[in-house]
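Listing of final.txt, compact mmCIF, C-alpha atoms
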```txt
# COMPACT_ATOMS: atom_id res chain seq x y z
CA MET A 1 0.00 0.00 0.00
CA HIS A 2 1.17 3.47 -0.86
CA LYS A 3 2.11 5.45 2.24
CA VAL A 4 1.34 9.13 2.18
CA GLU A 5 3.98 11.43 3.64
CA LEU A 6 2.40 13.36 6.50
CA ARG A 7 5.18 15.91 6.98
CA GLY A 8 6.22 18.91 4.95
CA GLY A 9 3.50 21.51 5.43
CA PRO A 10 4.15 25.25 5.39
CA ASP A 11 6.16 26.56 8.38
CA GLY A 12 6.68 23.16 9.94
CA VAL A 13 3.06 22.01 9.88
CA ARG A 14 2.53 18.28 9.80
CA LEU A 15 -0.20 15.73 10.24
CA GLU A 16 -0.05 12.93 12.75
CA ARG A 17 -2.36 9.99 13.31
CA ALA A 18 -4.55 10.95 16.26
CA ALA A 19 -3.67 8.99 19.39
CA LYS A 20 -4.41 8.93 23.07
CA LYS A 21 -1.67 11.43 23.85
CA HIS A 22 -3.53 14.08 21.80
CA LEU A 23 -6.80 13.70 23.66
CA GLY A 24 -6.17 16.49 26.14
CA ALA A 25 -5.17 19.00 23.49
CA LEU A 26 -8.13 18.07 21.28
CA ARG A 27 -10.61 18.39 24.11
CA GLU A 28 -9.14 21.75 25.04
CA GLY A 29 -9.27 22.86 21.42
CA PHE A 30 -12.92 21.98 20.98
CA ASN A 31 -13.85 23.42 24.37
CA SER A 32 -12.13 26.73 23.54
CA GLY A 33 -15.03 27.32 21.18
CA ALA A 34 -12.84 28.88 18.49
CA ALA A 35 -14.04 26.33 15.93
CA ALA A 36 -17.61 26.17 17.18
CA ALA A 37 -19.05 28.73 14.79
CA SER A 38 -17.82 26.96 11.68
CA THR A 39 -17.95 23.24 12.47
CA ARG A 40 -20.69 20.80 13.13
CA TRP A 41 -18.74 19.73 16.23
CA HIS A 42 -20.09 22.67 18.18
CA LEU A 43 -21.66 20.57 20.89
CA PRO A 44 -19.67 19.18 23.80
CA ARG A 45 -18.73 15.64 22.91
CA PRO A 46 -20.34 12.97 25.07
CA PHE A 47 -17.92 11.35 27.45
CA SER A 48 -18.51 7.91 25.98
CA THR A 49 -16.97 8.73 22.62
CA GLY A 50 -14.64 11.44 23.83
CA VAL A 51 -13.34 13.82 21.21
CA PHE A 52 -12.96 11.10 18.60
CA ASP A 53 -15.75 10.51 16.15
CA PRO A 54 -16.49 6.77 16.25
CA SER A 55 -17.47 6.71 12.56
CA ALA A 56 -14.09 8.03 11.40
CA VAL A 57 -11.93 5.77 9.24
CA ARG A 58 -8.80 7.92 9.67
CA ARG A 59 -8.20 10.54 12.32
CA PHE A 60 -5.36 13.04 12.36
CA VAL A 61 -4.14 15.96 14.36
CA LEU A 62 -2.55 19.03 12.78
CA ILE A 63 0.69 19.95 14.51
CA ARG A 64 2.92 22.99 14.28
CA ASN A 65 6.08 23.05 16.39
CA ASP A 66 4.83 20.15 18.54
CA ARG A 67 1.62 22.01 19.34
CA VAL A 68 -1.77 20.65 18.31
CA ILE A 69 -3.45 23.40 16.28
CA GLY A 70 -6.33 21.42 14.83
CA THR A 71 -7.74 18.10 13.82
CA CYS A 72 -9.06 16.48 10.68
CA ARG A 73 -10.55 13.15 9.73
CA LEU A 74 -12.00 10.99 6.98
CA CYS A 75 -15.24 9.26 7.91
CA GLU A 76 -18.18 7.31 6.58
CA PRO A 77 -19.91 9.40 3.91
CA LEU A 78 -23.40 10.85 3.92
CA PHE A 79 -23.77 9.83 0.27
CA SER A 80 -20.81 8.08 -1.34
CA GLY A 81 -17.02 7.81 -1.06
CA VAL A 82 -15.57 9.23 2.14
CA GLU A 83 -16.38 12.41 4.00
CA LEU A 84 -13.73 14.91 5.03
CA ALA A 85 -13.88 17.14 8.08
CA ILE A 86 -11.37 19.59 9.51
CA ALA A 87 -11.21 22.05 12.37
CA ILE A 88 -8.45 24.50 13.26
CA PHE A 89 -8.72 25.65 16.84
CA ASP A 90 -6.43 28.64 17.08
CA PRO A 91 -7.74 31.64 15.08
CA SER A 92 -4.19 32.93 14.63
CA GLU A 93 -3.30 29.73 12.77
CA ARG A 94 -5.93 30.32 10.11
CA GLY A 95 -5.05 31.66 6.69
CA ARG A 96 -1.49 30.35 6.92
CA GLY A 97 -1.82 27.32 4.69
CA ALA A 98 -2.23 24.65 7.36
CA GLY A 99 -5.79 23.90 6.27
CA THR A 100 -4.88 23.67 2.60
CA PHE A 101 -2.02 21.34 3.45
CA ALA A 102 -4.28 19.09 5.52
CA VAL A 103 -7.04 18.94 2.91
CA GLU A 104 -4.53 18.04 0.17
CA LYS A 105 -3.04 15.31 2.34
CA LEU A 106 -6.46 13.93 3.24
CA CYS A 107 -7.42 13.77 -0.45
CA GLU A 108 -4.19 11.95 -1.20
CA ILE A 109 -4.90 9.45 1.60
CA ALA A 110 -8.48 8.97 0.43
CA PHE A 111 -7.58 8.34 -3.20
CA ARG A 112 -4.29 6.49 -2.73
CA GLU A 113 -4.69 4.55 0.52
CA LEU A 114 -8.45 4.14 0.81
CA LYS A 115 -8.87 3.99 -3.00
CA THR A 116 -12.18 5.78 -2.91
CA HIS A 117 -13.82 7.35 -5.97
CA ARG A 118 -15.08 10.46 -4.24
CA VAL A 119 -14.37 12.74 -1.28
CA GLU A 120 -17.24 14.86 -0.04
CA LEU A 121 -17.73 17.46 2.65
CA GLY A 122 -20.22 19.92 4.02
CA VAL A 123 -19.38 23.50 4.88
CA TYR A 124 -21.50 26.37 6.15
CA THR A 125 -22.33 28.69 3.27
CA ASP A 126 -20.98 31.74 5.12
CA ASN A 127 -17.61 30.13 5.83
CA TYR A 128 -15.96 31.76 2.82
CA ALA A 129 -12.38 31.04 3.90
CA ALA A 130 -13.05 27.31 4.06
CA VAL A 131 -14.90 27.24 0.73
CA ARG A 132 -11.93 29.01 -0.85
CA VAL A 133 -9.52 26.42 0.56
CA TYR A 134 -11.63 23.52 -0.71
CA GLU A 135 -11.96 25.07 -4.17
CA LYS A 136 -8.21 25.60 -4.28
CA CYS A 137 -7.80 21.87 -3.56
CA GLY A 138 -10.10 20.99 -6.45
CA PHE A 139 -13.45 20.52 -4.73
CA LYS A 140 -16.54 21.55 -6.67
CA ARG A 141 -19.72 22.96 -5.21
CA GLU A 142 -22.58 20.56 -5.75
CA ALA A 143 -25.59 21.68 -3.82
CA VAL A 144 -26.79 23.93 -1.03
CA PHE A 145 -28.88 21.92 1.42
CA ARG A 146 -31.35 24.40 2.81
CA ARG A 147 -31.99 24.45 6.55
CA PHE A 148 -30.02 21.26 6.98
CA ILE A 149 -28.49 21.67 10.43
CA HIS A 150 -29.72 23.17 13.64
CA HIS A 151 -26.82 25.16 15.00
CA ASP A 152 -26.83 27.79 17.75
CA GLY A 153 -30.58 28.09 17.85
CA LYS A 154 -31.27 28.42 14.16
CA TRP A 155 -31.44 26.31 11.03
CA ARG A 156 -28.46 26.76 8.75
CA ASP A 157 -27.77 25.97 5.13
CA LEU A 158 -24.96 23.61 4.25
CA GLU A 159 -22.89 23.84 1.09
CA TRP A 160 -22.06 20.34 -0.16
CA MET A 161 -18.79 19.93 -2.07
CA SER A 162 -16.98 17.01 -3.61
CA ILE A 163 -13.93 15.98 -5.61
CA LEU A 164 -13.89 12.91 -7.86
CA ARG A 165 -10.94 10.67 -8.48
CA ARG A 166 -10.66 11.78 -12.11
CA GLU A 167 -10.54 15.44 -11.07
CA TRP A 168 -7.91 14.91 -8.44
CA ARG A 169 -4.42 16.06 -9.35
CA ALA A 170 -1.90 13.79 -7.65
CA PRO A 171 0.95 15.82 -6.19
CA ARG A 172 4.33 15.02 -7.66
CA ALA A 173 7.04 14.02 -5.22
CA SER A 174 9.32 17.03 -5.25
CA ALA A 175 12.10 18.78 -3.34
CA ASN A 176 9.79 21.30 -1.69
CA GLY A 177 8.14 18.63 0.35
CA GLY A 178 5.06 18.12 -1.77
CA ARG A 179 3.99 21.75 -1.74
CA ARG A 180 2.68 23.23 -4.96
CA MET B 1 -51.36 12.54 28.79
CA LYS B 2 -49.31 13.91 25.95
CA THR B 3 -48.75 11.60 23.01
CA LEU B 4 -45.79 11.79 20.72
CA PRO B 5 -46.53 12.93 17.18
CA SER B 6 -46.77 10.00 14.81
CA LEU B 7 -47.10 9.39 11.12
CA PRO B 8 -50.59 9.56 9.64
CA SER B 9 -52.27 6.17 9.77
CA THR B 10 -55.34 7.50 7.99
CA TRP B 11 -55.85 7.87 4.27
CA LEU B 12 -54.50 10.97 2.59
CA VAL B 13 -56.60 12.10 -0.34
CA GLY B 14 -55.34 14.21 -3.23
CA ARG B 15 -56.90 15.37 -6.45
CA LYS B 16 -55.77 12.42 -8.55
CA THR B 17 -54.47 9.92 -6.03
CA ARG B 18 -55.08 8.56 -2.56
CA ILE B 19 -52.47 7.30 -0.13
CA ARG B 20 -53.26 4.51 2.27
CA PRO B 21 -51.16 2.91 5.01
CA LEU B 22 -49.45 -0.38 4.27
CA GLU B 23 -51.07 -3.64 5.30
CA THR B 24 -49.47 -7.03 5.61
CA ARG B 25 -51.17 -8.31 2.47
CA ASP B 26 -49.53 -5.45 0.51
CA VAL B 27 -46.03 -6.83 0.83
CA PRO B 28 -46.04 -8.52 -2.61
CA LEU B 29 -47.16 -5.18 -4.07
CA LEU B 30 -44.07 -3.44 -2.70
CA LYS B 31 -41.90 -5.89 -4.56
CA ARG B 32 -43.79 -5.17 -7.76
CA PHE B 33 -43.49 -1.41 -7.29
CA ARG B 34 -39.71 -1.80 -7.09
CA LEU B 35 -39.26 0.55 -4.19
CA VAL B 36 -36.30 -0.02 -1.91
CA ILE B 37 -37.57 0.63 1.59
CA GLU B 38 -35.13 1.20 4.39
CA PRO B 39 -35.84 -0.85 7.53
CA GLN B 40 -36.71 2.26 9.56
CA ALA B 41 -38.95 3.79 6.90
CA THR B 42 -42.73 3.76 6.78
CA ALA B 43 -44.32 2.57 3.54
CA TYR B 44 -47.59 3.63 1.95
CA ILE B 45 -49.54 2.46 -1.08
CA VAL B 46 -50.60 4.99 -3.71
CA GLN B 47 -53.98 4.47 -5.40
CA THR B 48 -55.83 6.21 -8.15
CA SER B 49 -59.01 7.98 -7.10
CA ARG B 50 -60.89 4.93 -8.32
CA GLY B 51 -59.02 2.63 -5.94
CA ARG B 52 -56.47 0.92 -8.16
CA ASP B 53 -53.05 0.40 -6.52
CA ILE B 54 -50.45 2.05 -8.74
CA GLY B 55 -47.37 2.63 -6.63
CA ALA B 56 -45.66 2.84 -3.29
CA LEU B 57 -44.25 5.64 -1.19
CA SER B 58 -41.77 5.51 1.65
CA LEU B 59 -41.04 8.09 4.29
CA LEU B 60 -37.93 7.84 6.43
CA VAL B 61 -38.08 10.20 9.39
CA ASN B 62 -34.88 11.20 11.11
CA GLY B 63 -35.62 13.75 13.80
CA PRO B 64 -36.66 17.04 12.19
CA GLN B 65 -35.80 15.76 8.72
CA ALA B 66 -37.39 13.16 6.51
CA ALA B 67 -36.51 11.46 3.24
CA ILE B 68 -39.24 10.54 0.79
CA ALA B 69 -39.12 8.03 -2.07
CA LEU B 70 -41.63 6.94 -4.66
CA GLY B 71 -41.96 3.88 -6.87
CA PHE B 72 -44.36 3.27 -9.76
CA VAL B 73 -44.59 0.34 -12.13
CA ASP B 74 -45.93 2.47 -14.93
CA ARG B 75 -43.50 5.23 -15.87
CA SER B 76 -46.23 7.34 -17.46
CA ARG B 77 -47.50 7.98 -13.92
CA PHE B 78 -44.61 10.38 -13.45
CA LYS B 79 -45.80 12.46 -16.40
CA ASP B 80 -49.57 12.52 -15.96
CA GLY B 81 -49.51 14.27 -12.60
CA SER B 82 -50.21 11.23 -10.40
CA ALA B 83 -46.69 11.20 -8.99
CA ALA B 84 -46.68 14.93 -8.29
CA ASP B 85 -50.09 14.69 -6.66
CA ALA B 86 -49.07 11.78 -4.42
CA LEU B 87 -45.84 13.53 -3.40
CA ARG B 88 -47.64 16.78 -2.66
CA VAL B 89 -50.26 15.06 -0.52
CA MET B 90 -47.75 12.89 1.31
CA SER B 91 -45.27 15.67 2.08
CA ALA B 92 -48.02 18.06 3.14
CA GLY B 93 -49.51 15.34 5.33
CA ALA B 94 -46.16 14.55 6.91
CA MET B 95 -45.51 18.24 7.58
CA ARG B 96 -48.91 18.53 9.21
CA TYR B 97 -48.58 15.49 11.46
CA LEU B 98 -44.88 15.66 12.33
CA PRO B 99 -42.61 18.46 13.52
CA LEU B 100 -40.54 18.26 10.34
CA GLU B 101 -38.35 21.08 9.14
CA ARG B 102 -37.33 19.56 5.84
CA ILE B 103 -38.33 16.69 3.56
CA GLU B 104 -35.74 15.64 1.05
CA ALA B 105 -35.45 13.25 -1.86
CA LEU B 106 -32.49 11.95 -3.80
CA VAL B 107 -33.33 11.11 -7.41
CA VAL B 108 -31.10 9.62 -10.10
CA ALA B 109 -30.29 12.58 -12.34
CA SER B 110 -31.03 10.79 -15.61
CA ARG B 111 -34.68 10.31 -14.60
CA ARG B 112 -35.89 13.72 -15.73
CA ASP B 113 -39.56 12.80 -15.43
CA VAL B 114 -39.11 11.87 -11.78
CA VAL B 115 -37.22 15.08 -10.98
CA GLN B 116 -39.96 17.08 -12.67
CA ALA B 117 -42.67 15.28 -10.71
CA TYR B 118 -40.94 16.29 -7.47
CA GLN B 119 -40.61 19.87 -8.67
CA ARG B 120 -44.30 20.00 -9.54
CA ALA B 121 -45.02 18.77 -6.02
CA GLY B 122 -43.27 21.83 -4.59
CA PHE B 123 -39.79 20.39 -4.08
CA LYS B 124 -36.90 22.68 -4.93
CA ARG B 125 -33.81 21.43 -6.68
CA GLU B 126 -30.77 21.97 -4.45
CA GLY B 127 -28.06 20.60 -6.70
CA THR B 128 -26.61 17.55 -8.39
CA LEU B 129 -24.44 15.22 -6.33
CA ARG B 130 -21.91 13.59 -8.61
CA GLU B 131 -21.37 9.84 -8.69
CA VAL B 132 -23.25 9.01 -5.51
CA VAL B 133 -25.67 6.27 -6.54
CA ARG B 134 -24.38 2.86 -7.54
CA LEU B 135 -26.59 1.45 -10.32
CA ARG B 136 -25.74 -1.53 -12.51
CA GLY B 137 -22.06 -1.40 -11.69
CA ALA B 138 -21.48 2.31 -12.25
CA TYR B 139 -21.76 5.44 -10.17
CA ARG B 140 -24.54 7.80 -11.26
CA ASP B 141 -25.28 11.42 -10.45
CA ALA B 142 -28.25 12.19 -8.27
CA VAL B 143 -30.35 15.30 -7.79
CA MET B 144 -31.13 16.49 -4.28
CA LEU B 145 -34.60 17.97 -3.91
CA SER B 146 -36.20 19.34 -0.77
CA ARG B 147 -39.31 20.91 0.58
CA LEU B 148 -39.15 23.12 3.68
CA ARG B 149 -41.75 23.84 6.31
CA ASN B 150 -42.23 27.53 5.57
CA ALA B 151 -41.72 27.78 1.85
```
Produce structure tokens that represent the structure in this file.
Amino acid sequence: MHKVELRGGPDGVRLERAAKKHLGALREGFNSGAAAASTRWHLPRPFSTGVFDPSAVRRFVLIRNDRVIGTCRLCEPLFSGVELAIAIFDPSERGRGAGTFAVEKLCEIAFRELKTHRVELGVYTDNYAAVRVYEKCGFKREAVFRRFIHHDGKWRDLEWMSILRREWRAPRASANGGRR
Amino acid sequence: MKTLPSLPSTWLVGRKTRIRPLETRDVPLLKRFRLVIEPQATAYIVQTSRGRDIGALSLLVNGPQAAIALGFVDRSRFKDGSAADALRVMSAGAMRYLPLERIEALVVASRRDVVQAYQRAGFKREGTLREVVRLRGAYRDAVMLSRLRNA
């Protein structure tokens, strides 16, 4: 099986398979509420499952300089393929390429390791920064599900995006650590 | 004592069709109407106004959301307004009886007549999901349609 290199993000960002030692940092990150407005993980996680989603097929943490700055995962899809989800906890870490790096790596894992035909994700329609990242990584907007999720006391629309295997541009192994 | 809201167990009557709850003796009909019914879903039989069974409907309720699906033997039923009528009556009935916010349907994109029947029943097209339905060994596109409570 092809192994995807998890290092080599911008400014020392890397992915790591989520493990027990990250639990504290993840719980703190979610409880800080910084990602609550833009993710569907806005509720406190029940103690039984902890911060890990039991339906996930691959879970990762995003690390910069040995500090957990976010988390991402691939999980069972709502429709077909695999579903991608990502959250960056620290607002000061946003807009610095960590998210783009993680999404590209997750796509590579989904298509190369999991050999899926499709990666899909849902994003709130007003989360422009995230939509821009996904479009940069090759995702296409498919549909806007109206009033799909009850979040913070009101029903919100969800933009549904996907990338197909034939649209995915495999990164070439290069000297700059896989960055384009 | 307060009772929980439940699905209509009465007949729903539209202009061209009637919808009746499923009975045990209807099970062979479901097979004929080629409707895949999820284990948690509730099935109904669609009749013409004159009482002939022409199709089946299923409603899968998941909290404030529901998914609806429709199966007819005769494809012309999607064009002559029967399908739209049954969908309109069923979704309106479900909205009335249940605290639903949204009823959605996923339809194979190549079935234009089916998509149009949903649209005539008041469903809005939300977009096309690419390669999500596996049919005869290949992935097909599907159209997501939905009807909201206040719209």
Would you compute the distance between CA of Pro64 (chain B) and CA of Ala130 (chain A)? Give it in Å to one decimal.
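Atom-to-atom, CA of Pro64 (chain B) and CA of Ala130 (chain A) are spaced 27.0 Å apart.
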For His150 (chain A), work out the shell of residues within 10 Å, counting all atoms listed in the file and skipping chain neighbours fewer than 6 positions away, then give it as a list in words.
Arg40, Arg156 and Asp157 of chain A; Pro64 and Glu101 of chain B
Output the selection as a PDB file, keeping the file's coordinate frame - C-alpha atoms for each residue.
```pdb
ATOM      1  CA  ARG A  40     -20.690  20.800  13.130  1.00  0.00           C
ATOM      2  CA  ARG A 156     -28.460  26.760   8.750  1.00  0.00           C
ATOM      3  CA  ASP A 157     -27.770  25.970   5.130  1.00  0.00           C
TER       4      ASP A 157
ATOM      5  CA  PRO B  64     -36.660  17.040  12.190  1.00  0.00           C
ATOM      6  CA  GLU B 101     -38.350  21.080   9.140  1.00  0.00           C
TER       7      GLU B 101
END
```
What residues in chain B have any atom no more than 9 Å from chain A when counting all atoms listed in the file, and can you write them as a PyMOL selection string?
chain B and resi 65+101-102+125-134+143-148
Compile the contact shell of region 79-86 of chain B as a PyMOL selection string: residues with an atom at most 8 Å away, counting all atoms listed in the file, same-chain residues fewer than 4 positions apart removed.
chain B and resi 14-19+46+48+70+75+90+113+117-121
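If you look at CA of Leu100 (chain B) and CA of Tyr128 (chain A), they are 29.0 Å away from each other.
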Excluding Pro21 (chain B) and any residue of its chain fewer than 6 positions from it, enumerate the residues within 8 Å of it, using only C-alpha atoms, and give them as a PyMOL selection string.
chain B and resi 9-11+43-45
Would you list the residues near (7.5, 24.4, 8.7), meaning any protein, DNA or RNA residue with an atom at most 12 Å from that point in file coordinates, counting all atoms listed in the file, as a ChimeraX atom specification?
/A:7-15,63-66,96-98,101,176-177,179
Starting from the incomplete input, reconstruct N, CA and C atoms of region 79-90 of chain B and write that as an mmCIF file, in the frame of the given file.
```
data_model
loop_
_atom_site.group_PDB
_atom_site.id
_atom_site.type_symbol
_atom_site.label_atom_id
_atom_site.label_comp_id
_atom_site.auth_asym_id
_atom_site.auth_seq_id
_atom_site.Cartn_x
_atom_site.Cartn_y
_atom_site.Cartn_z
ATOM 1 N N LYS B 79 -45.511 11.345 -15.495
ATOM 2 C CA LYS B 79 -45.800 12.460 -16.400
ATOM 3 C C LYS B 79 -47.223 12.978 -16.256
ATOM 4 N N ASP B 80 -48.166 12.089 -15.897
ATOM 5 C CA ASP B 80 -49.570 12.520 -15.960
ATOM 6 C C ASP B 80 -50.047 13.209 -14.679
ATOM 7 N N GLY B 81 -49.125 13.512 -13.784
ATOM 8 C CA GLY B 81 -49.510 14.270 -12.600
ATOM 9 C C GLY B 81 -49.820 13.416 -11.380
ATOM 10 N N SER B 82 -49.904 12.089 -11.554
ATOM 11 C CA SER B 82 -50.210 11.230 -10.400
ATOM 12 C C SER B 82 -49.083 11.289 -9.383
ATOM 13 N N ALA B 83 -47.851 11.213 -9.882
ATOM 14 C CA ALA B 83 -46.690 11.200 -8.990
ATOM 15 C C ALA B 83 -46.612 12.507 -8.215
ATOM 16 N N ALA B 84 -46.758 13.629 -8.940
ATOM 17 C CA ALA B 84 -46.680 14.930 -8.290
ATOM 18 C C ALA B 84 -47.775 15.070 -7.247
ATOM 19 N N ASP B 85 -48.975 14.594 -7.586
ATOM 20 C CA ASP B 85 -50.090 14.690 -6.660
ATOM 21 C C ASP B 85 -49.818 13.875 -5.388
ATOM 22 N N ALA B 86 -49.346 12.632 -5.578
ATOM 23 C CA ALA B 86 -49.070 11.780 -4.420
ATOM 24 C C ALA B 86 -47.986 12.389 -3.539
ATOM 25 N N LEU B 87 -46.937 12.934 -4.170
ATOM 26 C CA LEU B 87 -45.840 13.530 -3.400
ATOM 27 C C LEU B 87 -46.311 14.769 -2.647
ATOM 28 N N ARG B 88 -47.141 15.561 -3.303
ATOM 29 C CA ARG B 88 -47.640 16.780 -2.660
ATOM 30 C C ARG B 88 -48.475 16.409 -1.437
ATOM 31 N N VAL B 89 -49.374 15.458 -1.613
ATOM 32 C CA VAL B 89 -50.260 15.060 -0.520
ATOM 33 C C VAL B 89 -49.473 14.448 0.629
ATOM 34 N N MET B 90 -48.526 13.569 0.272
ATOM 35 C CA MET B 90 -47.750 12.890 1.310
ATOM 36 C C MET B 90 -46.871 13.863 2.076
#
```
